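See below for the structure under consideration.
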Amino acid sequence: MIEVKGVRKSFGDLEVLKGIDLVVEKGEVISVIGASGSGKSTMLYCVNALESIDSGHIIVDGVDVHSRDTNVNRLRTNIGMVFQQWNSFPHLTTLENVALAPRIVLGKSKQEALEIARKQLEHVGLVDKLDVYPSRMSGGQQQRLAIARALAMEPNYMLFDEVTSALDPELVGEVLDTLRLLSDEGMSMIVVTHEIGFARDVSDRVAYFHEGKIEELGPPSQVLDNPESQQTRKFLANVR
Amino acid sequence: MGSSSVFTGFQFSDLGFLAEAAGRTLLISALAISIGTFLGCIFGWILSVTRVVGDATLGVVLDVFRSVPLIIQLILFYNFFPIIGFDLNPFAAGTVVLVFYTSALVAAVVRGGISATPSATRRAARSLGMTYWQDLRYIVWPIGLRAVLPSWAGVALGVLKDSALVSVLGYVELLRASQILITRTQEPFLILIIVGAFYFALSFPISRLTARLERTWQYD
């Protein structure tokens with residue numbers, strides 16, 4: 001379970017998170033929508049301690065993420081993250097990209113790590129690209145590589161930060177299909193996205209962020225189809 | 001004695017003399033390049049993490065080493081060391097100056113190499129649970145190494161040739177040896193060609209090795 005409690009965060013004078021409360025149950029898929037600069041991505045970065053918080057708490061499986069005593073490196077192995085830019089490691093082949101962290105972070109043997117990597121690449125449909133360098137692959141393939149790389153750590157949670165925003169339109173589908181597959185398998189995920197249709201299909205709940213706050217939170221049938229908030233309605237009218 | 005000149009022609013044994021001098025050039029260059037590269041990596045890393053503070057302190061010192069002509073540095077330091085109580089011989093003084101000169105050049109190269117990895121890529125590495133040092137060792141180092149290897153090779157080749165300037169301190173390396181032989185034999189052409197060949201032989205492995213590494217590390 002991920003518990004976000006009263007989280008506030010400022011960059012200089014600008015307060016980007018103004019008291020966020022959100023609970024993600026095991027196996028739940030939560031989509032986060034909202035305009036650019038509404039704090040969606042910042043919240044994700046706070047969940048695995050890539051950003052600090054000013055006040056509040058984030059608890060992941062009982063571990064206080066921002067406590068001084070928390071080993072963030074161990075914590076992060078439990079929370080996979082995929083970014084808008086896929087950030088492949090350019091000097092490693094696809095297989096090596098995925099096998100690196102299991103070997104050096106989880107301490108698996110080289111053989112084990114390669115096996116895990118092969119399995120996860122098969123999982124995302126890249127089994128024919130094992131020995132290819134990322135620069136030879138499309139954005140969609142590299143994004144699936146990034147997903148496999150995160151999954152190889154066997155996390156309990158996955159965070160997706162606008163993972164289709166930098167893709168050419170014809171490549172969006174293959175990445176969304178991979179996310180659907182993970183949600184079908186019961187992965188707990190927070191998906192920051194602009195793909196409203198996708199959010200409706202896979203989410204258990206949708207959170208609409210507006211100016212650093214969660215304006216509306218509920219099942220897609222409510223938030224996306226019958227929003228209570230004026231702000232939510234305005235936003236949805238604009239993205240459609 | 002018809003030719004009672006003080007000059008004697010180039011003899012086969014002189015080749016041995018030059019080879020020995022080439023060995024000294026190799027020794028002082030190898031020391032400067034290896035220790036200078038090691039220090040340069042540390043300095044470059046410090047510059048990349050401290051930014052403004054590093055620029056204003058270490059950066060300035062390194063700039064001095066990079067900008068002042070090496071021959072001036074050599075003479076100044078050679079005469080300065082005894083003042084502060086280190087009576088260094090020409091070899092030691094030359095080596096120390098060459099090491100810092102090399103480290104200043106390498107630091108700039110290393111700093112560029114570190115910036116070859118986008119911060120987003122490093123963030124992704126950290127998100128997988130890698131520590132700062134694992135990110136540095138497994139992501140930043142290999143990417144940076146590939147990016148700046150040609151620049152580093154340029155520095156190494158430059159230092160190898162610049163080591164000739166240590167001759168002004170009286171250290172008999174290749175260039176100094178050639179001057180001695182030219183004075184004696186009055187055969188500058190022949191001797192400079194031989195010495196040039198020695199320098200080439202010393203440089204060739206560096207340029208070939210780095211070119212080969214570049215080929216094997218290609219990943220596009």
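Residue numbering restarts at 1 in every chain; chains get A, B, ... in the order shown in the structure tokens, and ligands count up from 1 in that same order.
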Contacts of Leu236 in chain A at 9 Å (only C-alpha atoms; same-chain gap of 5+ positions) as an mmCIF file with C-alpha atoms, in the first residue's frame:
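Listed below is the output, around.cif:
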```
data_model
loop_
_atom_site.group_PDB
_atom_site.id
_atom_site.type_symbol
_atom_site.label_atom_id
_atom_site.label_comp_id
_atom_site.auth_asym_id
_atom_site.auth_seq_id
_atom_site.Cartn_x
_atom_site.Cartn_y
_atom_site.Cartn_z
ATOM 1 C CA GLY A 34 -4.366 17.220 -14.970
ATOM 2 C CA ILE A 196 -8.080 9.893 -21.109
ATOM 3 C CA LEU A 224 -14.243 11.192 -16.331
ATOM 4 C CA GLN A 231 -12.526 22.451 -12.794
#
```
Inset, instruction - Please determine the contact residues of chain B with respect to chain A at a cut-off of 8 Å, counting only C-alpha atoms, and supply them as JSON, numbers by chain. - result: {"B": [120, 121, 123, 124, 126, 127, 128, 129, 130, 131, 134, 139, 142, 143, 217, 219, 220]}
Next, the residues of the selection above should be written as a short mmCIF file (atom, residue, chain, number, x, y, z; two decimals), in the first residue's frame with all heavy atoms.
```
data_model
loop_
_atom_site.label_atom_id
_atom_site.label_comp_id
_atom_site.auth_asym_id
_atom_site.auth_seq_id
_atom_site.Cartn_x
_atom_site.Cartn_y
_atom_site.Cartn_z
N ALA B 120 18.74 13.07 -16.76
CA ALA B 120 17.56 12.19 -16.76
C ALA B 120 17.98 10.73 -16.77
O ALA B 120 17.34 9.88 -16.13
CB ALA B 120 16.67 12.50 -17.96
N THR B 121 19.05 10.41 -17.49
CA THR B 121 19.53 9.03 -17.53
C THR B 121 20.07 8.61 -16.16
O THR B 121 19.84 7.48 -15.69
CB THR B 121 20.64 8.89 -18.59
OG1 THR B 121 20.14 9.36 -19.83
CG2 THR B 121 21.08 7.44 -18.73
N ARG B 123 19.11 9.83 -13.34
CA ARG B 123 17.93 9.72 -12.50
C ARG B 123 17.28 8.34 -12.69
O ARG B 123 16.86 7.70 -11.72
CB ARG B 123 16.95 10.81 -12.91
CG ARG B 123 15.98 11.18 -11.86
CD ARG B 123 15.34 12.50 -12.24
NE ARG B 123 15.27 13.33 -11.06
CZ ARG B 123 14.30 14.22 -10.84
NH1 ARG B 123 13.37 14.41 -11.74
NH2 ARG B 123 14.29 14.91 -9.74
N ALA B 124 17.21 7.90 -13.94
CA ALA B 124 16.63 6.58 -14.21
C ALA B 124 17.47 5.50 -13.53
O ALA B 124 16.93 4.54 -12.96
CB ALA B 124 16.56 6.35 -15.72
N ARG B 126 19.26 5.85 -10.82
CA ARG B 126 18.99 5.91 -9.38
C ARG B 126 17.62 5.32 -9.06
O ARG B 126 17.43 4.72 -8.00
CB ARG B 126 19.05 7.36 -8.89
CG ARG B 126 20.41 8.03 -9.03
CD ARG B 126 21.52 7.30 -8.34
NE ARG B 126 21.27 7.07 -6.92
CZ ARG B 126 21.52 7.96 -5.96
NH1 ARG B 126 22.02 9.13 -6.26
NH2 ARG B 126 21.28 7.67 -4.69
N SER B 127 16.65 5.49 -9.98
CA SER B 127 15.30 4.98 -9.72
C SER B 127 15.28 3.46 -9.67
O SER B 127 14.36 2.86 -9.14
CB SER B 127 14.32 5.49 -10.78
OG SER B 127 14.39 4.69 -11.95
N LEU B 128 16.32 2.83 -10.23
CA LEU B 128 16.41 1.36 -10.17
C LEU B 128 17.06 0.90 -8.86
O LEU B 128 17.25 -0.29 -8.65
CB LEU B 128 17.22 0.84 -11.36
CG LEU B 128 16.56 0.99 -12.73
CD1 LEU B 128 17.58 0.76 -13.84
CD2 LEU B 128 15.40 0.02 -12.87
N GLY B 129 17.43 1.85 -8.03
CA GLY B 129 18.04 1.49 -6.74
C GLY B 129 19.55 1.55 -6.74
O GLY B 129 20.19 1.18 -5.77
N MET B 130 20.14 2.03 -7.85
CA MET B 130 21.59 2.16 -7.87
C MET B 130 22.02 3.27 -6.92
O MET B 130 21.34 4.29 -6.81
CB MET B 130 22.10 2.51 -9.27
CG MET B 130 22.05 1.36 -10.25
SD MET B 130 22.82 1.83 -11.81
CE MET B 130 21.85 0.84 -12.94
N THR B 131 23.16 3.07 -6.24
CA THR B 131 23.70 4.12 -5.40
C THR B 131 24.37 5.17 -6.28
O THR B 131 24.57 4.94 -7.49
CB THR B 131 24.75 3.57 -4.43
OG1 THR B 131 25.85 3.08 -5.21
CG2 THR B 131 24.20 2.43 -3.58
N GLN B 134 27.39 3.56 -7.80
CA GLN B 134 27.07 2.58 -8.85
C GLN B 134 26.70 3.30 -10.14
O GLN B 134 27.11 2.89 -11.23
CB GLN B 134 25.92 1.67 -8.40
CG GLN B 134 26.36 0.62 -7.39
CD GLN B 134 25.20 -0.20 -6.86
OE1 GLN B 134 24.08 0.29 -6.74
NE2 GLN B 134 25.47 -1.45 -6.54
N ILE B 139 27.27 3.69 -15.25
CA ILE B 139 26.57 4.48 -16.26
C ILE B 139 27.46 5.65 -16.72
O ILE B 139 27.84 5.74 -17.89
CB ILE B 139 25.23 5.03 -15.72
CG1 ILE B 139 24.39 3.89 -15.10
CG2 ILE B 139 24.47 5.74 -16.82
CD1 ILE B 139 24.01 2.79 -16.07
N PRO B 142 31.34 4.59 -18.16
CA PRO B 142 31.46 4.03 -19.52
C PRO B 142 30.95 4.96 -20.61
O PRO B 142 31.55 5.01 -21.69
CB PRO B 142 30.63 2.74 -19.46
CG PRO B 142 29.83 2.80 -18.22
CD PRO B 142 30.51 3.74 -17.28
N ILE B 143 29.88 5.70 -20.34
CA ILE B 143 29.38 6.61 -21.38
C ILE B 143 30.39 7.74 -21.59
O ILE B 143 30.73 8.09 -22.72
CB ILE B 143 28.00 7.18 -20.98
CG1 ILE B 143 26.95 6.07 -20.97
CG2 ILE B 143 27.58 8.29 -21.94
CD1 ILE B 143 25.58 6.51 -20.47
N TRP B 217 34.01 -0.12 -29.05
CA TRP B 217 32.98 0.42 -28.15
C TRP B 217 31.83 1.07 -28.89
O TRP B 217 30.96 1.66 -28.27
CB TRP B 217 33.60 1.44 -27.20
CG TRP B 217 34.40 0.81 -26.12
CD1 TRP B 217 34.35 -0.50 -25.74
CD2 TRP B 217 35.32 1.45 -25.25
NE1 TRP B 217 35.21 -0.71 -24.70
CE2 TRP B 217 35.83 0.47 -24.38
CE3 TRP B 217 35.78 2.76 -25.13
CZ2 TRP B 217 36.76 0.76 -23.39
CZ3 TRP B 217 36.69 3.04 -24.15
CH2 TRP B 217 37.18 2.05 -23.29
N TYR B 219 28.42 1.86 -30.41
CA TYR B 219 27.15 1.24 -30.03
C TYR B 219 25.95 1.87 -30.73
O TYR B 219 24.88 1.93 -30.17
CB TYR B 219 26.95 1.27 -28.51
CG TYR B 219 27.16 2.60 -27.85
CD1 TYR B 219 26.20 3.60 -27.96
CD2 TYR B 219 28.29 2.84 -27.09
CE1 TYR B 219 26.36 4.80 -27.33
CE2 TYR B 219 28.46 4.05 -26.45
CZ TYR B 219 27.50 5.03 -26.59
OH TYR B 219 27.67 6.22 -25.95
N ASP B 220 26.16 2.38 -31.93
CA ASP B 220 24.96 2.93 -32.58
C ASP B 220 24.50 2.07 -33.73
O ASP B 220 25.12 1.15 -34.16
CB ASP B 220 25.22 4.35 -33.07
CG ASP B 220 26.37 4.40 -34.06
OD1 ASP B 220 27.12 3.40 -34.12
OD2 ASP B 220 26.52 5.40 -34.75
#
```
Non-local contacts of Ile75 in chain B (10 Å; only C-alpha atoms; under 6 positions in same chain excluded) as an mmCIF file with N, CA and C atoms, in the first residue's frame:
```
data_model
loop_
_atom_site.group_PDB
_atom_site.id
_atom_site.type_symbol
_atom_site.label_atom_id
_atom_site.label_comp_id
_atom_site.auth_asym_id
_atom_site.auth_seq_id
_atom_site.Cartn_x
_atom_site.Cartn_y
_atom_site.Cartn_z
ATOM 1 N N ALA B 93 61.548 17.150 -10.463
ATOM 2 C CA ALA B 93 60.864 18.427 -10.672
ATOM 3 C C ALA B 93 60.052 18.393 -11.963
ATOM 4 N N GLY B 94 60.684 17.865 -13.030
ATOM 5 C CA GLY B 94 59.985 17.770 -14.315
ATOM 6 C C GLY B 94 58.742 16.902 -14.212
ATOM 7 N N VAL B 97 55.845 18.724 -12.290
ATOM 8 C CA VAL B 97 55.201 19.756 -13.109
ATOM 9 C C VAL B 97 54.370 19.114 -14.220
ATOM 10 N N LEU B 165 60.242 19.389 -23.213
ATOM 11 C CA LEU B 165 60.609 20.653 -22.568
ATOM 12 C C LEU B 165 61.342 20.454 -21.255
ATOM 13 N N VAL B 166 61.216 19.252 -20.685
ATOM 14 C CA VAL B 166 61.938 18.985 -19.433
ATOM 15 C C VAL B 166 63.447 19.079 -19.677
ATOM 16 N N VAL B 168 64.999 21.511 -20.649
ATOM 17 C CA VAL B 168 65.546 22.800 -20.196
ATOM 18 C C VAL B 168 66.072 22.711 -18.771
ATOM 19 N N LEU B 169 65.632 21.697 -18.021
ATOM 20 C CA LEU B 169 66.144 21.526 -16.659
ATOM 21 C C LEU B 169 67.434 20.710 -16.648
#
```
Inset, instruction - Using backbone DSSP assignments, extract all alpha helix (DSSP H) residues from range 64-128 of chain B; output them as a PyMOL selection string. - result: chain B and resi 64-67+70-80+90-114+119-127
Legend entry - Asp21 in chain A environment, 9 Å, only C-alpha atoms, sequence neighbours closer than 3 positions dropped, as a PyMOL selection string: chain A and resi 3-7+213-214
Can you spit out the residues from that selection as a PDB file, in the first residue's frame, using all heavy atoms?
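Output saved as result29.pdb:
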```
ATOM      1  N   GLU A   3       0.764   5.149   0.842  1.00  0.00           N
ATOM      2  CA  GLU A   3      -0.045   6.173   1.516  1.00  0.00           C
ATOM      3  C   GLU A   3       0.646   7.517   1.390  1.00  0.00           C
ATOM      4  O   GLU A   3       1.763   7.686   1.885  1.00  0.00           O
ATOM      5  CB  GLU A   3      -0.210   5.832   2.992  1.00  0.00           C
ATOM      6  CG  GLU A   3      -0.923   4.517   3.238  1.00  0.00           C
ATOM      7  CD  GLU A   3      -0.590   3.974   4.623  1.00  0.00           C
ATOM      8  OE1 GLU A   3      -1.296   4.323   5.569  1.00  0.00           O
ATOM      9  OE2 GLU A   3       0.387   3.211   4.733  1.00  0.00           O
ATOM     10  N   VAL A   4      -0.013   8.444   0.736  1.00  0.00           N
ATOM     11  CA  VAL A   4       0.492   9.815   0.619  1.00  0.00           C
ATOM     12  C   VAL A   4      -0.356  10.665   1.551  1.00  0.00           C
ATOM     13  O   VAL A   4      -1.577  10.716   1.405  1.00  0.00           O
ATOM     14  CB  VAL A   4       0.381  10.312  -0.836  1.00  0.00           C
ATOM     15  CG1 VAL A   4       0.889  11.757  -0.950  1.00  0.00           C
ATOM     16  CG2 VAL A   4       1.142   9.402  -1.785  1.00  0.00           C
ATOM     17  N   LYS A   5       0.291  11.272   2.542  1.00  0.00           N
ATOM     18  CA  LYS A   5      -0.484  11.982   3.575  1.00  0.00           C
ATOM     19  C   LYS A   5      -0.029  13.428   3.707  1.00  0.00           C
ATOM     20  O   LYS A   5       1.086  13.688   4.153  1.00  0.00           O
ATOM     21  CB  LYS A   5      -0.269  11.313   4.935  1.00  0.00           C
ATOM     22  CG  LYS A   5      -0.775   9.889   5.025  1.00  0.00           C
ATOM     23  CD  LYS A   5      -0.448   9.354   6.407  1.00  0.00           C
ATOM     24  CE  LYS A   5      -0.762   7.867   6.524  1.00  0.00           C
ATOM     25  NZ  LYS A   5      -0.169   7.328   7.753  1.00  0.00           N
ATOM     26  N   GLY A   6      -0.895  14.338   3.312  1.00  0.00           N
ATOM     27  CA  GLY A   6      -0.646  15.772   3.531  1.00  0.00           C
ATOM     28  C   GLY A   6       0.672  16.270   2.987  1.00  0.00           C
ATOM     29  O   GLY A   6       1.358  17.059   3.626  1.00  0.00           O
ATOM     30  N   VAL A   7       1.034  15.815   1.786  1.00  0.00           N
ATOM     31  CA  VAL A   7       2.360  16.155   1.259  1.00  0.00           C
ATOM     32  C   VAL A   7       2.365  17.542   0.627  1.00  0.00           C
ATOM     33  O   VAL A   7       1.532  17.865  -0.216  1.00  0.00           O
ATOM     34  CB  VAL A   7       2.832  15.090   0.238  1.00  0.00           C
ATOM     35  CG1 VAL A   7       4.038  15.605  -0.536  1.00  0.00           C
ATOM     36  CG2 VAL A   7       3.158  13.794   0.952  1.00  0.00           C
ATOM     37  N   LYS A 213      -3.283  20.384  -6.007  1.00  0.00           N
ATOM     38  CA  LYS A 213      -4.215  19.665  -5.137  1.00  0.00           C
ATOM     39  C   LYS A 213      -4.957  18.614  -5.944  1.00  0.00           C
ATOM     40  O   LYS A 213      -5.068  18.734  -7.159  1.00  0.00           O
ATOM     41  CB  LYS A 213      -5.248  20.636  -4.560  1.00  0.00           C
ATOM     42  CG  LYS A 213      -4.730  21.482  -3.436  1.00  0.00           C
ATOM     43  CD  LYS A 213      -5.879  22.299  -2.879  1.00  0.00           C
ATOM     44  CE  LYS A 213      -5.392  23.185  -1.743  1.00  0.00           C
ATOM     45  NZ  LYS A 213      -6.247  24.359  -1.573  1.00  0.00           N
ATOM     46  N   ILE A 214      -5.479  17.595  -5.229  1.00  0.00           N
ATOM     47  CA  ILE A 214      -6.358  16.646  -5.905  1.00  0.00           C
ATOM     48  C   ILE A 214      -7.756  17.234  -5.880  1.00  0.00           C
ATOM     49  O   ILE A 214      -8.390  17.347  -4.829  1.00  0.00           O
ATOM     50  CB  ILE A 214      -6.314  15.268  -5.220  1.00  0.00           C
ATOM     51  CG1 ILE A 214      -4.907  14.666  -5.350  1.00  0.00           C
ATOM     52  CG2 ILE A 214      -7.352  14.344  -5.862  1.00  0.00           C
ATOM     53  CD1 ILE A 214      -4.770  13.269  -4.792  1.00  0.00           C
TER      54      ILE A 214
END
```
Inset, instruction - For Gly36 in chain B, please output as a PyMOL selection string all residues within 6 Å (counting only C-alpha atoms; exclusion window: fewer than 5 positions along the same chain). - result: chain B and resi 99+102-103
Legend entry - Residue contacts of range 89-92 of chain B (7 Å, only C-alpha atoms) excluding same-chain residues fewer than 4 positions away, as an NGL selection string: :B and (96 or 169-171)
Legend entry - Interatomic distance, CA of His210 in chain A to CA of Arg233 in chain A (Å, one decimal):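 Computed distance, CA of His210 in chain A to CA of Arg233 in chain A, equals 11.7 Å.
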Inset, instruction - Grab the CA of Asn97 in chain A to CA of Arg144 in chain A distance for me, in Å with one decimal place. - result: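 Going from CA of Asn97 in chain A over to CA of Arg144 in chain A, I get 11.8 Å.
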Inset, instruction - Give me every strand (DSSP E or B) residue in range 2-236 of chain A, going by DSSP on the backbone, as a ChimeraX atom specification. - result: /A:2-11,14-24,29-34,55-60,63-64,79-82,157-161,188-192,205-210,213-218
Legend entry - Residue nearest Ala116 in chain B - candidates B:Trp45, B:Trp141, B:Phe80, B:Phe38, atoms counted: only C-alpha atoms: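 Smallest separation from Ala116 in chain B among the options: B:Trp141.
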Inset, instruction - Quick one: everything within 10 Å of Glu211 in chain A, counting only C-alpha atoms, minus sequence neighbours fewer than 3 positions away in the same chain. Send it as a ChimeraX atom specification. - result: /A:15-18,34-40,214-215
Legend entry - Proximity to Leu157 in chain B - best of B:Arg208, B:Arg24, B:Arg215, B:Arg184, only C-alpha atoms: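 For Leu157 in chain B, the nearest of the given residues is B:Arg208.
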Legend entry - Which residue of B:Leu181, B:Ile193, B:Ala108, B:Ala211 approaches Arg146 in chain B most closely, using only C-alpha atoms: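 Going through B:Leu181, B:Ile193, B:Ala108, B:Ala211 one by one, the smallest distance to Arg146 in chain B is for B:Ala211.
We find CA of Ala21 in chain B and CA of Ser203 in chain B to be spaced 15.2 Å apart.
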